[in-house]
file target_3.txt (compact mmCIF, C-alpha atoms)
# COMPACT_ATOMS: atom_id res chain seq x y z
CA MET A 1 -12.56 -22.07 18.46
CA ALA A 2 -9.21 -23.64 17.74
CA ILE A 3 -7.58 -20.63 16.13
CA ASP A 4 -4.29 -19.90 17.84
CA ARG A 5 -3.80 -16.18 17.13
CA LYS A 6 -0.46 -16.00 18.86
CA LYS A 7 0.97 -18.78 16.75
CA ILE A 8 -0.43 -17.37 13.49
CA ILE A 9 0.98 -13.91 14.23
CA GLU A 10 4.33 -15.37 15.24
CA GLU A 11 4.60 -17.47 12.06
CA MET A 12 3.00 -15.15 9.50
CA SER A 13 4.93 -12.08 10.66
CA LYS A 14 8.08 -13.87 9.50
CA VAL A 15 6.90 -13.85 5.88
CA LYS A 16 9.24 -11.47 4.10
CA VAL A 17 8.87 -10.29 0.53
CA LEU A 18 11.28 -8.64 -1.87
CA GLY A 19 11.04 -7.70 -5.51
CA ASN A 20 12.13 -10.31 -8.06
CA LYS A 21 14.49 -9.59 -10.97
CA GLU A 22 11.74 -7.52 -12.58
CA GLY A 23 11.30 -5.53 -9.38
CA LEU A 24 7.84 -7.03 -8.90
CA ILE A 25 6.34 -9.10 -6.10
CA PRO A 26 3.75 -11.53 -7.46
CA ALA A 27 2.13 -13.19 -4.45
CA PHE A 28 -1.30 -14.44 -3.37
CA GLY A 29 -2.65 -14.07 -6.92
CA VAL A 30 -1.87 -10.34 -7.05
CA TYR A 31 1.11 -8.02 -7.31
CA VAL A 32 2.09 -6.58 -3.93
CA GLN A 33 4.37 -3.77 -2.85
CA GLN A 34 5.71 -2.72 0.52
CA LEU A 35 5.55 1.04 0.88
CA PRO A 36 5.75 3.36 3.89
CA ALA A 37 2.47 3.68 5.79
CA ASP A 38 2.94 7.45 5.59
CA PHE A 39 2.46 7.29 1.84
CA TRP A 40 -1.02 5.76 2.10
CA ASN A 41 -2.02 8.03 4.97
CA GLY A 42 -0.59 11.04 3.19
CA PHE A 43 -2.64 10.68 0.05
CA SER A 44 -5.83 9.78 1.96
CA ARG A 45 -5.61 12.87 4.14
CA ARG A 46 -4.67 15.19 1.28
CA ILE A 47 -7.59 14.06 -0.87
CA VAL A 48 -10.13 14.14 1.99
CA ASN A 49 -8.90 17.57 3.07
CA SER A 50 -9.05 18.93 -0.47
CA VAL A 51 -12.73 18.27 -1.19
CA PRO A 52 -15.60 20.48 0.00
CA GLU A 53 -17.59 19.40 3.06
CA ASP A 54 -20.43 17.89 1.02
CA LEU A 55 -18.02 15.59 -0.88
CA ILE A 56 -15.99 14.28 2.06
CA GLU A 57 -18.18 11.22 2.47
CA ALA A 58 -17.92 10.41 -1.24
CA ALA A 59 -14.12 10.68 -1.12
CA GLU A 60 -14.02 8.49 1.97
CA THR A 61 -16.23 5.90 0.27
CA LEU A 62 -13.78 5.68 -2.63
CA LEU A 63 -10.89 5.16 -0.23
CA VAL A 64 -12.86 2.44 1.56
CA ASN A 65 -13.74 0.80 -1.76
CA ALA A 66 -10.07 0.69 -2.76
CA ALA A 67 -9.40 -1.33 0.39
CA LEU A 68 -12.54 -3.42 -0.10
CA GLU A 69 -11.38 -4.62 -3.52
CA CYS A 70 -7.87 -5.12 -2.19
CA GLY A 71 -9.23 -7.13 0.75
CA TYR A 72 -11.52 -9.20 -1.43
CA HIS A 73 -8.92 -10.28 -4.00
CA THR A 74 -5.83 -10.38 -1.82
CA GLY A 75 -7.86 -11.88 1.02
CA TYR A 76 -8.88 -14.73 -1.24
CA GLY A 77 -5.26 -15.17 -2.28
CA ILE A 78 -4.24 -15.34 1.36
CA ILE A 79 -6.81 -17.93 2.45
CA THR A 80 -5.86 -20.17 -0.47
CA SER A 81 -2.09 -19.70 -0.11
CA ASP A 82 0.50 -22.29 0.88
CA GLU A 83 1.33 -20.26 3.99
CA TRP A 84 -2.31 -20.31 5.05
CA ASN A 85 -2.67 -24.02 4.32
CA GLN A 86 0.41 -24.82 6.38
CA ILE A 87 -0.26 -22.61 9.38
CA VAL A 88 -3.92 -21.69 9.65
CA SER A 89 -5.91 -24.41 7.89
CA PRO A 90 -5.10 -27.12 10.46
CA MET A 91 -6.66 -24.89 13.17
CA ILE A 92 -10.00 -24.43 11.41
CA GLU A 93 -12.92 -26.30 12.99
CA ASN A 94 -15.87 -24.07 12.20
CA SER A 95 -15.90 -22.60 8.74
CA PRO A 96 -16.21 -19.79 7.82
CA GLU A 97 -16.12 -18.22 11.30
CA ASP A 98 -12.70 -19.62 12.15
CA ILE A 99 -11.47 -18.42 8.77
CA LEU A 100 -12.48 -14.90 9.77
CA HIS A 101 -10.63 -15.19 13.09
CA GLY A 102 -7.60 -16.55 11.24
CA ALA A 103 -7.76 -13.86 8.58
CA PHE A 104 -7.62 -11.09 11.17
CA ALA A 105 -4.67 -12.78 12.81
CA VAL A 106 -2.89 -12.66 9.43
CA PHE A 107 -4.08 -9.05 9.00
CA THR A 108 -2.36 -8.36 12.31
CA ALA A 109 0.80 -10.29 11.46
CA TRP A 110 1.35 -8.33 8.27
CA GLY A 111 1.17 -5.01 10.02
CA TRP A 112 -2.12 -3.69 8.73
CA ALA A 113 -3.77 -3.49 12.14
CA LYS A 114 -3.44 -5.17 15.51
CA SER A 115 -6.97 -6.44 15.27
CA GLU A 116 -9.32 -9.23 16.24
CA VAL A 117 -12.89 -10.31 15.72
CA ILE A 118 -14.86 -9.87 18.91
CA GLU A 119 -18.32 -10.84 17.67
CA ILE A 120 -19.75 -12.79 14.77
CA GLN A 121 -23.38 -13.36 13.94
CA PRO A 122 -23.03 -15.83 11.05
CA ASN A 123 -24.12 -14.43 7.72
CA GLU A 124 -25.21 -11.17 9.34
CA LYS A 125 -22.73 -9.21 11.39
CA MET A 126 -19.14 -9.00 12.56
CA VAL A 127 -17.49 -6.64 15.04
CA VAL A 128 -13.75 -6.06 14.85
CA ARG A 129 -11.51 -4.20 17.25
CA ALA A 130 -8.14 -2.75 16.32
CA TYR A 131 -5.79 -1.78 19.14
CA ASP A 132 -3.03 -0.30 17.00
CA TYR A 133 -3.18 0.60 13.31
CA TYR A 134 -1.15 2.76 10.98
CA GLU A 135 -4.17 4.73 9.80
CA SER A 136 -4.45 6.25 13.28
CA ASP A 137 -1.01 7.79 12.81
CA VAL A 138 -2.61 10.67 10.90
CA MET A 139 -2.79 12.62 14.13
CA ALA A 140 0.28 12.79 16.36
CA TYR A 141 -1.55 14.72 19.08
CA GLY A 142 -5.23 15.32 19.67
CA LYS A 143 -7.81 13.86 17.32
CA VAL A 144 -9.29 14.12 13.86
CA GLY A 145 -12.92 15.06 13.26
CA ARG A 146 -14.02 11.90 11.48
CA PRO A 147 -13.03 8.22 11.52
CA SER A 148 -10.17 7.68 9.09
CA ALA A 149 -9.39 3.96 9.14
CA TYR A 150 -10.63 3.51 5.57
CA MET A 151 -8.43 0.51 4.90
CA ILE A 152 -9.70 -1.46 7.91
CA GLN A 153 -13.29 -0.58 7.03
CA GLY A 154 -12.87 -1.85 3.48
CA VAL A 155 -10.96 -4.99 4.32
CA SER A 156 -13.41 -5.92 7.11
CA SER A 157 -16.31 -5.73 4.64
CA ALA A 158 -14.33 -7.74 2.10
CA PHE A 159 -13.59 -10.52 4.56
CA MET A 160 -17.32 -10.84 5.28
CA ASP A 161 -17.95 -10.91 1.50
CA LEU A 162 -15.51 -13.81 1.24
CA ALA A 163 -17.11 -15.60 4.19
CA TYR A 164 -20.78 -15.14 3.35
CA GLY A 165 -21.06 -13.43 -0.04
CA GLY A 166 -21.02 -16.59 -2.13
CA GLU A 167 -18.37 -18.03 -4.42
CA TYR A 168 -15.27 -15.93 -4.95
CA ASP A 169 -15.56 -14.10 -8.27
CA VAL A 170 -12.24 -13.10 -9.76
CA THR A 171 -14.01 -10.57 -12.02
CA GLY A 172 -15.52 -8.81 -9.01
CA GLU A 173 -18.93 -8.84 -10.67
CA SER A 174 -20.52 -10.83 -7.85
CA GLY A 175 -19.71 -11.85 -4.30
CA ILE A 176 -18.20 -8.49 -3.42
CA TYR A 177 -20.01 -5.46 -1.94
CA THR A 178 -22.55 -7.64 -0.10
CA PHE A 179 -21.49 -6.16 3.27
CA LYS A 180 -20.75 -2.66 4.54
CA CYS A 181 -18.71 -1.44 7.48
CA GLN A 182 -19.19 1.39 9.91
CA GLN A 183 -16.29 2.56 12.06
CA THR A 184 -17.83 3.34 15.44
CA LYS A 185 -14.65 4.09 17.39
CA GLY A 186 -11.15 5.13 16.50
CA ILE A 187 -7.79 5.80 18.10
CA GLU A 188 -7.63 8.82 15.80
CA LEU A 189 -10.90 9.96 17.42
CA GLY A 190 -9.49 9.73 20.93
CA ASP A 191 -10.81 6.25 21.73
CA ASP A 192 -8.61 3.51 23.18
CA TYR A 193 -9.17 1.35 20.11
CA GLY A 194 -10.88 1.31 16.76
CA GLU A 195 -14.16 -0.56 16.38
CA PHE A 196 -15.67 -1.71 13.11
CA VAL A 197 -19.19 -3.06 12.68
CA VAL A 198 -19.85 -4.98 9.49
CA THR A 199 -23.43 -5.69 8.42
CA ARG A 200 -25.24 -6.71 5.24
CA ARG A 201 -25.93 -3.99 2.69
CA MET B 202 44.92 -3.42 -8.73
CA ALA B 203 41.84 -1.28 -8.24
CA ILE B 204 38.84 -2.95 -6.66
CA GLU B 205 35.42 -1.72 -7.68
CA LYS B 206 33.07 -1.33 -4.74
CA GLN B 207 29.52 -2.53 -5.45
CA THR B 208 26.72 -0.35 -4.18
CA GLU B 209 24.09 -2.37 -2.41
CA PHE B 210 20.88 -1.13 -0.86
CA GLU B 211 20.67 -2.70 2.59
CA ILE B 212 17.32 -3.62 4.07
CA ASP B 213 16.86 -3.96 7.80
CA HIS B 214 13.41 -5.53 8.22
CA LYS B 215 12.09 -5.63 11.79
CA PHE B 216 8.74 -6.74 13.18
CA ASP B 217 7.58 -5.06 16.40
CA PRO B 218 5.60 -7.77 18.24
CA VAL B 219 4.06 -5.27 20.66
CA ARG B 220 2.48 -2.99 18.05
CA ASP B 221 2.43 -5.70 15.35
CA ARG B 222 4.07 -3.41 12.81
CA HIS B 223 6.76 -3.95 10.20
CA TYR B 224 9.66 -1.55 9.78
CA LEU B 225 11.96 -1.34 6.76
CA ASN B 226 15.05 0.58 7.76
CA GLY B 227 13.09 2.09 10.63
CA VAL B 228 10.14 3.17 8.46
CA CYS B 229 6.71 1.68 9.26
CA SER B 230 5.79 -0.12 6.04
CA VAL B 231 2.83 -2.14 4.83
CA LEU B 232 2.12 -4.68 2.14
CA HIS B 233 -0.63 -3.71 -0.27
CA CYS B 234 -1.76 -5.15 -3.58
CA HIS B 235 -2.15 -3.80 -7.10
CA HIS B 236 -5.91 -3.44 -6.60
CA TYR B 237 -5.27 -0.94 -3.81
CA ALA B 238 -2.56 0.91 -5.73
CA THR B 239 -4.53 1.15 -8.97
CA LEU B 240 -7.73 2.24 -7.21
CA PHE B 241 -5.81 5.01 -5.40
CA THR B 242 -4.45 5.96 -8.81
CA GLN B 243 -7.91 5.94 -10.39
CA LEU B 244 -9.25 8.03 -7.51
CA ALA B 245 -6.48 10.57 -8.02
CA ALA B 246 -7.10 10.69 -11.78
CA ASP B 247 -10.86 11.12 -11.32
CA ALA B 248 -10.47 13.91 -8.76
CA VAL B 249 -9.59 16.43 -11.47
CA ASP B 250 -11.34 19.31 -9.71
CA PHE B 251 -9.44 18.63 -6.51
CA GLN B 252 -5.95 18.15 -7.96
CA GLY B 253 -5.98 14.44 -7.22
CA VAL B 254 -2.98 13.62 -9.39
CA LYS B 255 -0.97 16.49 -7.90
CA HIS B 256 -1.74 15.21 -4.40
CA LEU B 257 -0.67 11.69 -5.29
CA VAL B 258 2.54 12.78 -7.03
CA GLU B 259 3.47 15.13 -4.19
CA THR B 260 2.68 12.52 -1.54
CA ALA B 261 4.98 10.10 -3.35
CA GLU B 262 7.68 12.73 -3.77
CA ASP B 263 7.57 13.72 -0.08
CA THR B 264 7.47 10.13 1.18
CA PHE B 265 10.28 8.72 -0.93
CA TYR B 266 12.43 11.85 -0.60
CA GLU B 267 12.31 11.35 3.17
CA VAL B 268 12.99 7.61 2.98
CA LEU B 269 15.98 7.94 0.62
CA ASN B 270 17.37 11.05 2.28
CA ALA B 271 17.34 9.34 5.68
CA TYR B 272 19.11 6.34 4.18
CA PHE B 273 21.76 8.51 2.48
CA LYS B 274 22.43 10.34 5.73
CA GLU B 275 22.62 7.20 7.83
CA LYS B 276 24.96 5.43 5.40
CA ASN B 277 26.86 8.59 4.54
CA VAL B 278 26.08 8.26 0.84
CA VAL B 279 27.24 11.39 -0.99
CA ASP B 280 28.36 10.04 -4.35
CA LEU B 281 25.84 10.69 -7.15
CA ALA B 282 26.20 7.29 -8.80
CA GLN B 283 25.68 5.56 -5.46
CA LYS B 284 22.58 7.62 -4.73
CA ILE B 285 21.07 6.68 -8.08
CA GLU B 286 21.93 3.02 -7.70
CA ILE B 287 20.42 2.89 -4.21
CA ALA B 288 17.24 4.58 -5.45
CA ARG B 289 17.00 2.05 -8.28
CA GLN B 290 17.46 -0.89 -5.92
CA TYR B 291 15.00 0.53 -3.39
CA TRP B 292 12.21 0.85 -5.99
CA SER B 293 12.81 -2.74 -7.05
CA ALA B 294 13.09 -4.15 -3.52
CA VAL B 295 9.71 -2.75 -2.45
CA GLY B 296 8.06 -4.21 -5.54
CA MET B 297 7.49 -1.06 -7.58
CA GLY B 298 9.35 -2.32 -10.62
CA LEU B 299 12.55 -2.00 -12.57
CA ILE B 300 13.58 1.63 -12.92
CA ARG B 301 16.68 2.86 -14.73
CA PHE B 302 17.86 6.43 -14.55
CA THR B 303 19.01 7.27 -18.06
CA GLY B 304 20.11 10.85 -17.49
CA ILE B 305 20.99 12.92 -14.42
CA GLY B 306 21.67 16.60 -14.86
CA LYS B 307 21.30 19.93 -13.07
CA TYR B 308 18.35 20.86 -15.22
CA GLU B 309 16.74 17.55 -16.12
CA VAL B 310 16.59 13.94 -15.03
CA THR B 311 15.26 11.09 -17.15
CA ALA B 312 14.29 7.54 -16.26
CA GLU B 313 12.58 4.53 -17.77
CA MET B 314 10.82 1.45 -16.50
CA GLU B 315 10.67 -1.85 -18.28
CA TYR B 316 8.53 -3.38 -15.54
CA SER B 317 6.21 -1.47 -13.26
CA HIS B 318 3.89 -2.55 -10.44
CA LEU B 319 1.37 0.14 -11.33
CA ASP B 320 1.31 -0.67 -15.03
CA GLU B 321 1.27 -4.45 -14.58
CA GLY B 322 -1.51 -4.05 -12.02
CA TRP B 323 -3.49 -1.64 -14.19
CA LEU B 324 -3.21 -3.91 -17.22
CA LYS B 325 -4.29 -6.90 -15.13
CA LYS B 326 -7.23 -5.05 -13.59
CA TRP B 327 -8.50 -2.83 -16.38
CA GLY B 328 -6.51 -3.43 -19.53
CA GLY B 329 -4.78 -0.45 -21.13
CA SER B 330 -5.11 3.29 -20.77
CA ASP B 331 -4.76 6.10 -23.27
CA LYS B 332 -2.68 8.08 -20.75
CA PRO B 333 0.21 7.06 -18.48
CA VAL B 334 -0.94 6.30 -14.93
CA ASN B 335 2.18 5.68 -12.87
CA PHE B 336 1.90 8.70 -10.58
CA PHE B 337 3.73 6.86 -7.77
CA SER B 338 6.84 6.67 -9.95
CA VAL B 339 6.44 10.26 -11.19
CA GLY B 340 6.74 11.39 -7.57
CA PHE B 341 9.63 9.00 -7.00
CA VAL B 342 11.54 10.39 -10.01
CA ALA B 343 10.93 13.96 -8.77
CA ALA B 344 12.30 12.95 -5.36
CA VAL B 345 15.39 11.30 -6.83
CA ALA B 346 16.00 14.29 -9.13
CA ALA B 347 15.96 16.62 -6.15
CA LEU B 348 18.17 14.38 -4.01
CA ALA B 349 20.66 13.87 -6.84
CA ASN B 350 21.07 17.63 -7.05
CA ASP B 351 21.05 18.25 -3.27
CA LYS B 352 17.85 20.21 -3.54
CA PRO B 353 14.59 20.12 -1.51
CA PRO B 354 11.32 18.51 -2.70
CA ARG B 355 9.40 20.44 -5.44
CA SER B 356 12.69 21.50 -7.03
CA PHE B 357 11.82 19.39 -10.06
CA GLN B 358 8.56 18.93 -11.97
CA ALA B 359 8.26 15.36 -13.20
CA LYS B 360 5.93 13.70 -15.68
CA GLU B 361 5.54 10.35 -17.38
CA THR B 362 5.99 10.77 -21.12
CA LYS B 363 5.43 7.16 -22.18
CA GLY B 364 3.61 4.37 -20.38
CA LEU B 365 3.52 0.59 -20.49
CA VAL B 366 -0.26 0.85 -20.01
CA CYS B 367 -0.45 2.82 -23.26
CA GLY B 368 1.22 0.03 -25.19
CA ASP B 369 4.67 1.63 -25.16
CA GLU B 370 7.65 -0.67 -24.87
CA LYS B 371 8.85 1.17 -21.77
CA SER B 372 7.54 3.81 -19.44
CA GLU B 373 9.56 7.01 -19.61
CA PHE B 374 9.83 9.83 -17.12
CA LYS B 375 11.30 13.29 -17.31
CA ALA B 376 11.87 15.70 -14.43
CA VAL B 377 12.88 19.29 -15.16
CA LEU B 378 14.19 21.94 -12.79
CA SER B 379 11.26 24.12 -11.66
call {"tool": "encode", "arguments": {"input": "target_3.txt", "output": "structure tokens"}}
result
Amino acid sequence: MAIDRKKIIEEMSKVKVLGNKEGLIPAFGVYVQQLPADFWNGFSRRIVNSVPEDLIEAAETLLVNAALECGYHTGYGIITSDEWNQIVSPMIENSPEDILHGAFAVFTAWGWAKSEVIEIQPNEKMVVRAYDYYESDVMAYGKVGRPSAYMIQGVSSAFMDLAYGGEYDVTGESGIYTFKCQQTKGIELGDDYGEFVVTRR
Amino acid sequence: MAIEKQTEFEIDHKFDPVRDRHYLNGVCSVLHCHHYATLFTQLAADAVDFQGVKHLVETAEDTFYEVLNAYFKEKNVVDLAQKIEIARQYWSAVGMGLIRFTGIGKYEVTAEMEYSHLDEGWLKKWGGSDKPVNFFSVGFVAAVAALANDKPPRSFQAKETKGLVCGDEKSEFKAVLS
């Protein structure tokens, strides 16, 4: 594998965005914003904590799906962007596996999670580890009862959709939701890192 | 000759290479797209039985109250006009759109948006809506209303009275003293 994670993180972490004269940030084929991590964590926890026990999983699935669609569309925008073509594309030898390694380096560089792919079975399975991520900030001391890295779960599935789910479909009618992710470890659960296992649905 | 001092929101953007996190003025911040924002919004709107919209609005109010209040304290901003201008520039800088506060009073605060991340994103993803959907900005307006009047969060109840997603020319917001 020729992916140089250190270089990608060093270069891509320098990408800075600010609103244009309309106060919007059109980038990577989508509109982006840069809000405090606490905002995203705050709503996720409030909604999960407000539903009865039997609906927690359904609420969590919706939070994961929000990230999955984000990861699918924005992820495609990233891997077709000028920044990607300049920095990451020259490192790719084995596609799509190297693209996955590169994508998680970018994921890291942009502050979503300090994460890397530790195992890939092409077309079948991927295991990701995250050593620091904002979604684990939901507990300052002790641990939560259930995994809560919904964003990493969704984006990990989406990246596998992009790699092995067929042609990118801007309408989201195909190509997406071909993989699912299970979070098997979490910093918020008391583990040293978060672990995410992505398999076919 | 008098010299008018321009109010400018200052952004100190730092990347922590150990934790791989980005900080805007010391606040851990993340880039997300309109798909994520609109799906959170849809989730809040659908969770009627669990006060989803209230949770989203209050999360926004709490978060942005804290961010702006910390900035005002650090920069010693006490002037009302400066507070409003900084809030306006902050919302634009982080990509949430162009907000203009049209009225600031002890009992009510009004604002409008000609461009909005939530509305542009919603229109791009789903087309229009028969109801306004910009709950992020509703919370933001409530936070600014409270800060402008030196009051704590929940001092004002805000709502969006017109929305770009509804076909209105501008989104309009009104916060009234609780």
call {"tool": "closest_residue", "arguments": {"input": "target_3.txt", "among": "B:Cys234, B:Ile212, B:Ile300, B:Val278", "to": "chain A", "atoms": "all atoms listed in the file"}}
result
B:Cys234
call {"tool": "interface_residues", "arguments": {"input": "target_3.txt", "of": "chain B", "to": "chain A", "cutoff": "8 Å", "atoms": "all atoms listed in the file", "output": "JSON, numbers by chain"}}
result
{"B": [216, 220, 221, 222, 223, 228, 229, 230, 231, 232, 233, 234, 235, 236, 237, 240, 241, 244, 251, 253, 256, 257, 260, 261, 264, 292, 293, 294, 295, 296, 297, 298, 299, 316, 317, 318, 322]}
call {"tool": "atom_distance", "arguments": {"input": "target_3.txt", "atom1": "CA of Phe104 (chain A)", "atom2": "CA of Asn123 (chain A)"}}
result
17.2 Å
call {"tool": "atom_distance", "arguments": {"input": "target_3.txt", "atom1": "CA of Glu124 (chain A)", "atom2": "CA of Ile176 (chain A)"}}
result
14.8 Å
call {"tool": "closest_residue", "arguments": {"input": "target_3.txt", "among": "B:Ala288, B:Ala349, B:Val334, B:Leu225", "to": "Glu373 (chain B)", "atoms": "all atoms listed in the file"}}
result
B:Val334
call {"tool": "residues_around", "arguments": {"input": "target_3.txt", "residues": "region 186-194 of chain A", "least_positions_apart": "5", "cutoff": "9 Å", "atoms": "all atoms listed in the file", "output": "number ranges by chain"}}
result
A: 115, 128-133, 135-140, 142-149
call {"tool": "closest_residue", "arguments": {"input": "target_3.txt", "among": "B:Asp247, B:Glu370, B:Asp351, B:Glu315", "to": "Val279 (chain B)", "atoms": "all atoms listed in the file"}}
result
B:Asp351
call {"tool": "atom_distance", "arguments": {"input": "target_3.txt", "atom1": "CA of Val254 (chain B)", "atom2": "CA of Phe336 (chain B)"}}
result
7.0 Å
call {"tool": "axis_aligned_box", "arguments": {"input": "target_3.txt", "around": "region 230-238 of chain B", "padding_each_side": "3 Å", "output": "lines of an AutoDock Vina configuration file"}}
result
center_x = -0.1
center_y = -2.1
center_z = -0.5
size_x = 17.7
size_y = 12.1
size_z = 19.1
call {"tool": "residues_around", "arguments": {"input": "target_3.txt", "residues": "region 91-101 of chain A", "least_positions_apart": "3", "cutoff": "10 Å", "atoms": "only C-alpha atoms", "output": "number ranges by chain"}}
result
A: 1-5, 8, 79, 85-88, 104-107, 115-123, 126, 128, 156, 159-160, 162-164
call {"tool": "closest_residue", "arguments": {"input": "target_3.txt", "among": "B:Gln290, B:Val268, B:Leu378, B:Asp320", "to": "Val366 (chain B)", "atoms": "only C-alpha atoms"}}
result
B:Asp320
call {"tool": "residues_around", "arguments": {"input": "target_3.txt", "residues": "Phe210 (chain B)", "least_positions_apart": "4", "cutoff": "10 Å", "atoms": "all atoms listed in the file", "output": "compact mmCIF listing (two decimals) with C-alpha atoms, keeping the file's coordinate frame"}}
result
# COMPACT_ATOMS: atom_id res chain seq x y z
CA TYR B 272 19.11 6.34 4.18
CA LYS B 276 24.96 5.43 5.40
CA GLN B 283 25.68 5.56 -5.46
CA LYS B 284 22.58 7.62 -4.73
CA GLU B 286 21.93 3.02 -7.70
CA ILE B 287 20.42 2.89 -4.21
CA ALA B 288 17.24 4.58 -5.45
CA ARG B 289 17.00 2.05 -8.28
CA GLN B 290 17.46 -0.89 -5.92
CA TYR B 291 15.00 0.53 -3.39
CA ALA B 294 13.09 -4.15 -3.52
call {"tool": "closest_residue", "arguments": {"input": "target_3.txt", "among": "B:Val377, B:Leu324, B:Ala343, B:Ala203", "to": "Glu309 (chain B)", "atoms": "only C-alpha atoms"}}
result
B:Val377
call {"tool": "closest_residue", "arguments": {"input": "target_3.txt", "among": "B:Glu262, B:Glu321, B:Trp327, B:Cys367", "to": "Pro354 (chain B)", "atoms": "all atoms listed in the file"}}
result
B:Glu262
